[in-house]
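For reference, the structure discussed in these notes is given below.
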Amino acid sequence: DKAADPPGRMFEDAHGRSIFDVAVRQDGSVVSVGMNDDTAGNWRDNGMPSLKVWDVAEGRCRRSITVLGVPICLAVLPDGRVLMGCSNPNPHMIVCDVTANTAHHLQGVLLQQKHTGGVNAVASLPNERVVSASDDRTLKVWNLASAIRLDLSNGRFALKAQCLHTLQGHRSSVLCVAALPRDRIVSGSRDKTLRVWDVTEGLCLQTMRAHTGWVNCVGLLPDGRVVSGSRDKTAK
């Protein structure tokens, strides 16, 4: 009989309760976001959500950063920082410097620029911009290059950034987003469509109606085509 393939390395489950997303940093380390174990269901020291950095070679957690909110998605920025999108207790985003062990809440210059629903997906864009996708049916493009650092109370920090565009058109929650070449992005929604956007102009260029269920995930193929996964049990 053919020998079974060796099992993959399993990191110690230091999150305890649940891991929501993972990504690979430029140095080869893995970052994950999730909830620590808390059987009582309260956010105490051992029940807070956290961002963890993993050493792949040694299979151990290199560092853990406690965050406020429930981070359900993340993206690694070109400078190694990590952007997270949160759903509770109020929708917001966090920029973490895992080297300095600091977390900054990302705020709009104007209060009305923030998302009013949970942030389901985030992606990094060229020129120090990021995009977020939300339950409020919109995507927002943010400029981190000119973000201002604010010192808040109790040792908390914030980044006040300009929202360049609010992309509107989806008729339900936006569940996923991926960056495309030529300053474009593709998003997928519970409205069963994918949309291609020009993030420079803030315009929807194309709407694709290929699924009969929610579009849960999207990705970019090497030849420039887009692949999508749906609740209708198909990938296209």
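Labels for the structure tokens follow display order: chains A, B, ..., residues from 1 in each chain, ligands from 1.
For stretch 175-180 of chain A, the list of residues within 6 Å, based on only C-alpha atoms and with local chain neighbours fewer than 4 positions off taken out, reads Asn120, Ala121, Arg184, Ile185, Val186, Ser187, Gly188, Ser189, Asn216 and Cys217 of chain A.
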For the residues in that selection, give me all heavy atoms as a PDB file, in the first residue's frame.
```pdb
ATOM      1  N   ASN A 120     -17.169  42.505   6.610  1.00  0.00           N
ATOM      2  CA  ASN A 120     -17.023  41.090   6.283  1.00  0.00           C
ATOM      3  C   ASN A 120     -15.726  40.744   5.561  1.00  0.00           C
ATOM      4  O   ASN A 120     -15.293  39.590   5.592  1.00  0.00           O
ATOM      5  CB  ASN A 120     -18.193  40.637   5.401  1.00  0.00           C
ATOM      6  CG  ASN A 120     -19.521  40.746   6.105  1.00  0.00           C
ATOM      7  OD1 ASN A 120     -19.645  40.363   7.265  1.00  0.00           O
ATOM      8  ND2 ASN A 120     -20.530  41.271   5.422  1.00  0.00           N
ATOM      9  N   ALA A 121     -15.123  41.716   4.880  1.00  0.00           N
ATOM     10  CA  ALA A 121     -13.921  41.437   4.095  1.00  0.00           C
ATOM     11  C   ALA A 121     -13.123  42.719   3.923  1.00  0.00           C
ATOM     12  O   ALA A 121     -13.689  43.814   3.862  1.00  0.00           O
ATOM     13  CB  ALA A 121     -14.292  40.854   2.728  1.00  0.00           C
ATOM     14  N   ARG A 184      -8.655  48.100 -10.002  1.00  0.00           N
ATOM     15  CA  ARG A 184     -10.024  47.601  -9.949  1.00  0.00           C
ATOM     16  C   ARG A 184     -10.149  46.552  -8.851  1.00  0.00           C
ATOM     17  O   ARG A 184      -9.167  45.953  -8.424  1.00  0.00           O
ATOM     18  CB  ARG A 184     -10.438  47.021 -11.299  1.00  0.00           C
ATOM     19  CG  ARG A 184     -10.448  48.064 -12.408  1.00  0.00           C
ATOM     20  CD  ARG A 184     -10.797  47.487 -13.747  1.00  0.00           C
ATOM     21  NE  ARG A 184     -10.792  48.536 -14.771  1.00  0.00           N
ATOM     22  CZ  ARG A 184     -11.086  48.336 -16.051  1.00  0.00           C
ATOM     23  NH1 ARG A 184     -11.400  47.116 -16.476  1.00  0.00           N
ATOM     24  NH2 ARG A 184     -11.052  49.336 -16.905  1.00  0.00           N
ATOM     25  N   ILE A 185     -11.371  46.330  -8.413  1.00  0.00           N
ATOM     26  CA  ILE A 185     -11.649  45.299  -7.425  1.00  0.00           C
ATOM     27  C   ILE A 185     -12.890  44.531  -7.879  1.00  0.00           C
ATOM     28  O   ILE A 185     -13.671  45.012  -8.717  1.00  0.00           O
ATOM     29  CB  ILE A 185     -11.902  45.879  -6.020  1.00  0.00           C
ATOM     30  CG1 ILE A 185     -13.106  46.833  -6.030  1.00  0.00           C
ATOM     31  CG2 ILE A 185     -10.654  46.571  -5.489  1.00  0.00           C
ATOM     32  CD1 ILE A 185     -13.530  47.310  -4.648  1.00  0.00           C
ATOM     33  N   VAL A 186     -13.077  43.336  -7.316  1.00  0.00           N
ATOM     34  CA  VAL A 186     -14.291  42.571  -7.551  1.00  0.00           C
ATOM     35  C   VAL A 186     -14.887  42.223  -6.199  1.00  0.00           C
ATOM     36  O   VAL A 186     -14.172  41.895  -5.259  1.00  0.00           O
ATOM     37  CB  VAL A 186     -14.011  41.297  -8.386  1.00  0.00           C
ATOM     38  CG1 VAL A 186     -13.012  40.389  -7.690  1.00  0.00           C
ATOM     39  CG2 VAL A 186     -15.306  40.547  -8.679  1.00  0.00           C
ATOM     40  N   SER A 187     -16.197  42.335  -6.096  1.00  0.00           N
ATOM     41  CA  SER A 187     -16.899  42.058  -4.846  1.00  0.00           C
ATOM     42  C   SER A 187     -18.004  41.033  -5.081  1.00  0.00           C
ATOM     43  O   SER A 187     -18.535  40.913  -6.184  1.00  0.00           O
ATOM     44  CB  SER A 187     -17.503  43.344  -4.263  1.00  0.00           C
ATOM     45  OG  SER A 187     -18.416  43.936  -5.180  1.00  0.00           O
ATOM     46  N   GLY A 188     -18.340  40.301  -4.017  1.00  0.00           N
ATOM     47  CA  GLY A 188     -19.428  39.341  -4.070  1.00  0.00           C
ATOM     48  C   GLY A 188     -20.406  39.607  -2.937  1.00  0.00           C
ATOM     49  O   GLY A 188     -20.020  40.081  -1.863  1.00  0.00           O
ATOM     50  N   SER A 189     -21.676  39.292  -3.162  1.00  0.00           N
ATOM     51  CA  SER A 189     -22.711  39.717  -2.223  1.00  0.00           C
ATOM     52  C   SER A 189     -23.771  38.645  -1.993  1.00  0.00           C
ATOM     53  O   SER A 189     -23.890  37.673  -2.758  1.00  0.00           O
ATOM     54  CB  SER A 189     -23.379  40.991  -2.763  1.00  0.00           C
ATOM     55  OG  SER A 189     -24.547  41.323  -2.057  1.00  0.00           O
ATOM     56  N   ASN A 216     -19.913  33.929  -1.656  1.00  0.00           N
ATOM     57  CA  ASN A 216     -19.188  33.956  -0.387  1.00  0.00           C
ATOM     58  C   ASN A 216     -17.721  34.331  -0.507  1.00  0.00           C
ATOM     59  O   ASN A 216     -17.130  34.852   0.443  1.00  0.00           O
ATOM     60  CB  ASN A 216     -19.283  32.587   0.291  1.00  0.00           C
ATOM     61  CG  ASN A 216     -20.698  32.249   0.708  1.00  0.00           C
ATOM     62  OD1 ASN A 216     -21.436  33.111   1.155  1.00  0.00           O
ATOM     63  ND2 ASN A 216     -21.075  30.988   0.558  1.00  0.00           N
ATOM     64  N   CYS A 217     -17.106  34.040  -1.665  1.00  0.00           N
ATOM     65  CA  CYS A 217     -15.673  34.292  -1.807  1.00  0.00           C
ATOM     66  C   CYS A 217     -15.310  34.530  -3.261  1.00  0.00           C
ATOM     67  O   CYS A 217     -15.969  34.014  -4.173  1.00  0.00           O
ATOM     68  CB  CYS A 217     -14.852  33.135  -1.230  1.00  0.00           C
ATOM     69  SG  CYS A 217     -15.352  31.502  -1.836  1.00  0.00           S
TER      70      CYS A 217
END
```
Just want the 12 Å neighbourhood of A:Leu159, counted on only C-alpha atoms, with same-chain residues fewer than 4 positions away dropped. Output as an NGL selection string. :A and (83 or 92-96 or 102-109 or 142-152)
Dump N, CA, C and O atoms for the selected residues as an mmCIF file, in the first residue's frame?
```cif
data_model
loop_
_atom_site.group_PDB
_atom_site.id
_atom_site.type_symbol
_atom_site.label_atom_id
_atom_site.label_comp_id
_atom_site.auth_asym_id
_atom_site.auth_seq_id
_atom_site.Cartn_x
_atom_site.Cartn_y
_atom_site.Cartn_z
ATOM 1 N N LEU A 83 -4.538 44.537 8.671
ATOM 2 C CA LEU A 83 -5.835 45.202 8.722
ATOM 3 C C LEU A 83 -6.906 44.175 9.025
ATOM 4 O O LEU A 83 -6.969 43.132 8.377
ATOM 5 N N HIS A 92 -16.267 48.116 12.870
ATOM 6 C CA HIS A 92 -15.097 48.967 12.736
ATOM 7 C C HIS A 92 -13.950 48.149 12.171
ATOM 8 O O HIS A 92 -14.055 46.942 11.962
ATOM 9 N N MET A 93 -12.839 48.845 11.916
ATOM 10 C CA MET A 93 -11.627 48.192 11.436
ATOM 11 C C MET A 93 -10.470 48.541 12.355
ATOM 12 O O MET A 93 -10.478 49.565 13.020
ATOM 13 N N ILE A 94 -9.487 47.657 12.376
ATOM 14 C CA ILE A 94 -8.320 47.825 13.229
ATOM 15 C C ILE A 94 -7.071 47.596 12.394
ATOM 16 O O ILE A 94 -7.002 46.641 11.608
ATOM 17 N N VAL A 95 -6.092 48.481 12.556
ATOM 18 C CA VAL A 95 -4.778 48.299 11.938
ATOM 19 C C VAL A 95 -3.796 47.925 13.037
ATOM 20 O O VAL A 95 -3.608 48.673 13.998
ATOM 21 N N CYS A 96 -3.179 46.751 12.907
ATOM 22 C CA CYS A 96 -2.252 46.248 13.927
ATOM 23 C C CYS A 96 -0.826 46.242 13.403
ATOM 24 O O CYS A 96 -0.567 45.739 12.303
ATOM 25 N N THR A 102 0.941 47.020 18.702
ATOM 26 C CA THR A 102 -0.020 48.111 18.841
ATOM 27 C C THR A 102 -1.193 47.894 17.905
ATOM 28 O O THR A 102 -1.046 47.342 16.814
ATOM 29 N N ALA A 103 -2.366 48.339 18.346
ATOM 30 C CA ALA A 103 -3.588 48.242 17.551
ATOM 31 C C ALA A 103 -4.227 49.623 17.462
ATOM 32 O O ALA A 103 -4.392 50.302 18.471
ATOM 33 N N HIS A 104 -4.572 50.040 16.249
ATOM 34 C CA HIS A 104 -5.192 51.337 16.024
ATOM 35 C C HIS A 104 -6.554 51.139 15.363
ATOM 36 O O HIS A 104 -6.646 50.462 14.337
ATOM 37 N N HIS A 105 -7.591 51.723 15.933
ATOM 38 C CA HIS A 105 -8.900 51.701 15.313
ATOM 39 C C HIS A 105 -8.898 52.646 14.121
ATOM 40 O O HIS A 105 -8.465 53.799 14.240
ATOM 41 N N LEU A 106 -9.374 52.163 12.975
ATOM 42 C CA LEU A 106 -9.427 52.987 11.773
ATOM 43 C C LEU A 106 -10.736 53.765 11.757
ATOM 44 O O LEU A 106 -11.816 53.178 11.772
ATOM 45 N N GLN A 107 -10.633 55.086 11.737
ATOM 46 C CA GLN A 107 -11.805 55.953 11.752
ATOM 47 C C GLN A 107 -11.832 56.818 10.500
ATOM 48 O O GLN A 107 -10.786 57.166 9.961
ATOM 49 N N GLY A 108 -13.029 57.182 10.073
ATOM 50 C CA GLY A 108 -13.161 58.122 8.982
ATOM 51 C C GLY A 108 -12.930 59.539 9.469
ATOM 52 O O GLY A 108 -13.117 59.844 10.652
ATOM 53 N N VAL A 109 -12.499 60.403 8.561
ATOM 54 C CA VAL A 109 -12.337 61.817 8.912
ATOM 55 C C VAL A 109 -13.673 62.392 9.365
ATOM 56 O O VAL A 109 -13.751 63.175 10.311
ATOM 57 N N TRP A 142 -10.257 53.421 1.460
ATOM 58 C CA TRP A 142 -9.643 54.285 2.456
ATOM 59 C C TRP A 142 -8.203 54.605 2.074
ATOM 60 O O TRP A 142 -7.490 53.762 1.541
ATOM 61 N N ASN A 143 -7.789 55.820 2.400
ATOM 62 C CA ASN A 143 -6.420 56.254 2.155
ATOM 63 C C ASN A 143 -5.636 56.236 3.466
ATOM 64 O O ASN A 143 -5.865 57.073 4.344
ATOM 65 N N LEU A 144 -4.723 55.269 3.609
ATOM 66 C CA LEU A 144 -3.925 55.180 4.831
ATOM 67 C C LEU A 144 -2.682 56.065 4.779
ATOM 68 O O LEU A 144 -2.060 56.332 5.803
ATOM 69 N N ALA A 145 -2.315 56.525 3.571
ATOM 70 C CA ALA A 145 -1.091 57.312 3.425
ATOM 71 C C ALA A 145 -1.150 58.608 4.230
ATOM 72 O O ALA A 145 -0.140 59.053 4.784
ATOM 73 N N SER A 146 -2.332 59.201 4.298
ATOM 74 C CA SER A 146 -2.469 60.485 4.995
ATOM 75 C C SER A 146 -3.160 60.339 6.354
ATOM 76 O O SER A 146 -3.595 61.339 6.934
ATOM 77 N N ALA A 147 -3.263 59.102 6.855
ATOM 78 C CA ALA A 147 -3.960 58.871 8.120
ATOM 79 C C ALA A 147 -3.233 59.548 9.275
ATOM 80 O O ALA A 147 -1.998 59.576 9.333
ATOM 81 N N ILE A 148 -4.006 60.099 10.196
ATOM 82 C CA ILE A 148 -3.470 60.797 11.366
ATOM 83 C C ILE A 148 -3.644 59.913 12.595
ATOM 84 O O ILE A 148 -4.732 59.390 12.852
ATOM 85 N N ARG A 149 -2.564 59.758 13.373
ATOM 86 C CA ARG A 149 -2.604 58.939 14.578
ATOM 87 C C ARG A 149 -3.139 59.763 15.744
ATOM 88 O O ARG A 149 -2.695 60.877 15.998
ATOM 89 N N LEU A 150 -4.122 59.202 16.447
ATOM 90 C CA LEU A 150 -4.731 59.865 17.588
ATOM 91 C C LEU A 150 -4.512 59.034 18.849
ATOM 92 O O LEU A 150 -4.657 57.806 18.822
ATOM 93 N N ASP A 151 -4.173 59.686 19.948
ATOM 94 C CA ASP A 151 -4.067 59.017 21.239
ATOM 95 C C ASP A 151 -5.399 59.135 21.964
ATOM 96 O O ASP A 151 -5.863 60.237 22.261
ATOM 97 N N LEU A 152 -6.027 57.981 22.232
ATOM 98 C CA LEU A 152 -7.298 57.962 22.933
ATOM 99 C C LEU A 152 -7.059 57.648 24.406
ATOM 100 O O LEU A 152 -5.936 57.502 24.854
#
```
Among the residues A:Ile65, A:Pro91, A:His15, A:Pro78, the one that comes closest to A:Asp27 [using only C-alpha atoms]: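 That would be A:Pro78, the residue with the smallest distance to A:Asp27.
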Picked from stretch 94-230 of chain A by DSSP as helix (DSSP H, G or I), as a ChimeraX atom specification: /A:111-113,153-155
What's around A:Leu111 at 12 Å? Count only C-alpha atoms, leave out sequence neighbours fewer than 6 positions away in its own chain, and write the answer as a VMD selection string. chain A and resid 92 160 to 163
Write out as a list in words which residues come within 10 Å of A:Gly202 when counting only C-alpha atoms, dropping same-chain ones fewer than 6 positions away. Leu139, Lys140, Val141, Leu164, His165, Thr166, Leu167, Gln168 and Arg184 of chain A
Tell me which protein, DNA and RNA residues are within 6 Å of A:Ser87, counting only C-alpha atoms, leaving out same-chain ones fewer than 6 positions away, and put them as a VMD selection string. chain A and resid 70 118 to 119
Dump as a compact mmCIF listing (two decimals), in the first residue's frame, selection limited to C-alpha atoms:
```
# COMPACT_ATOMS: atom_id res chain seq x y z
CA VAL A 70 -14.87 40.50 16.92
CA GLY A 118 -20.33 44.54 10.14
CA VAL A 119 -17.15 44.46 8.06
```
Can you measure atom CA of A:Val218 to atom CA of A:Val30 for me? One decimal in Å is fine. 20.8 Å
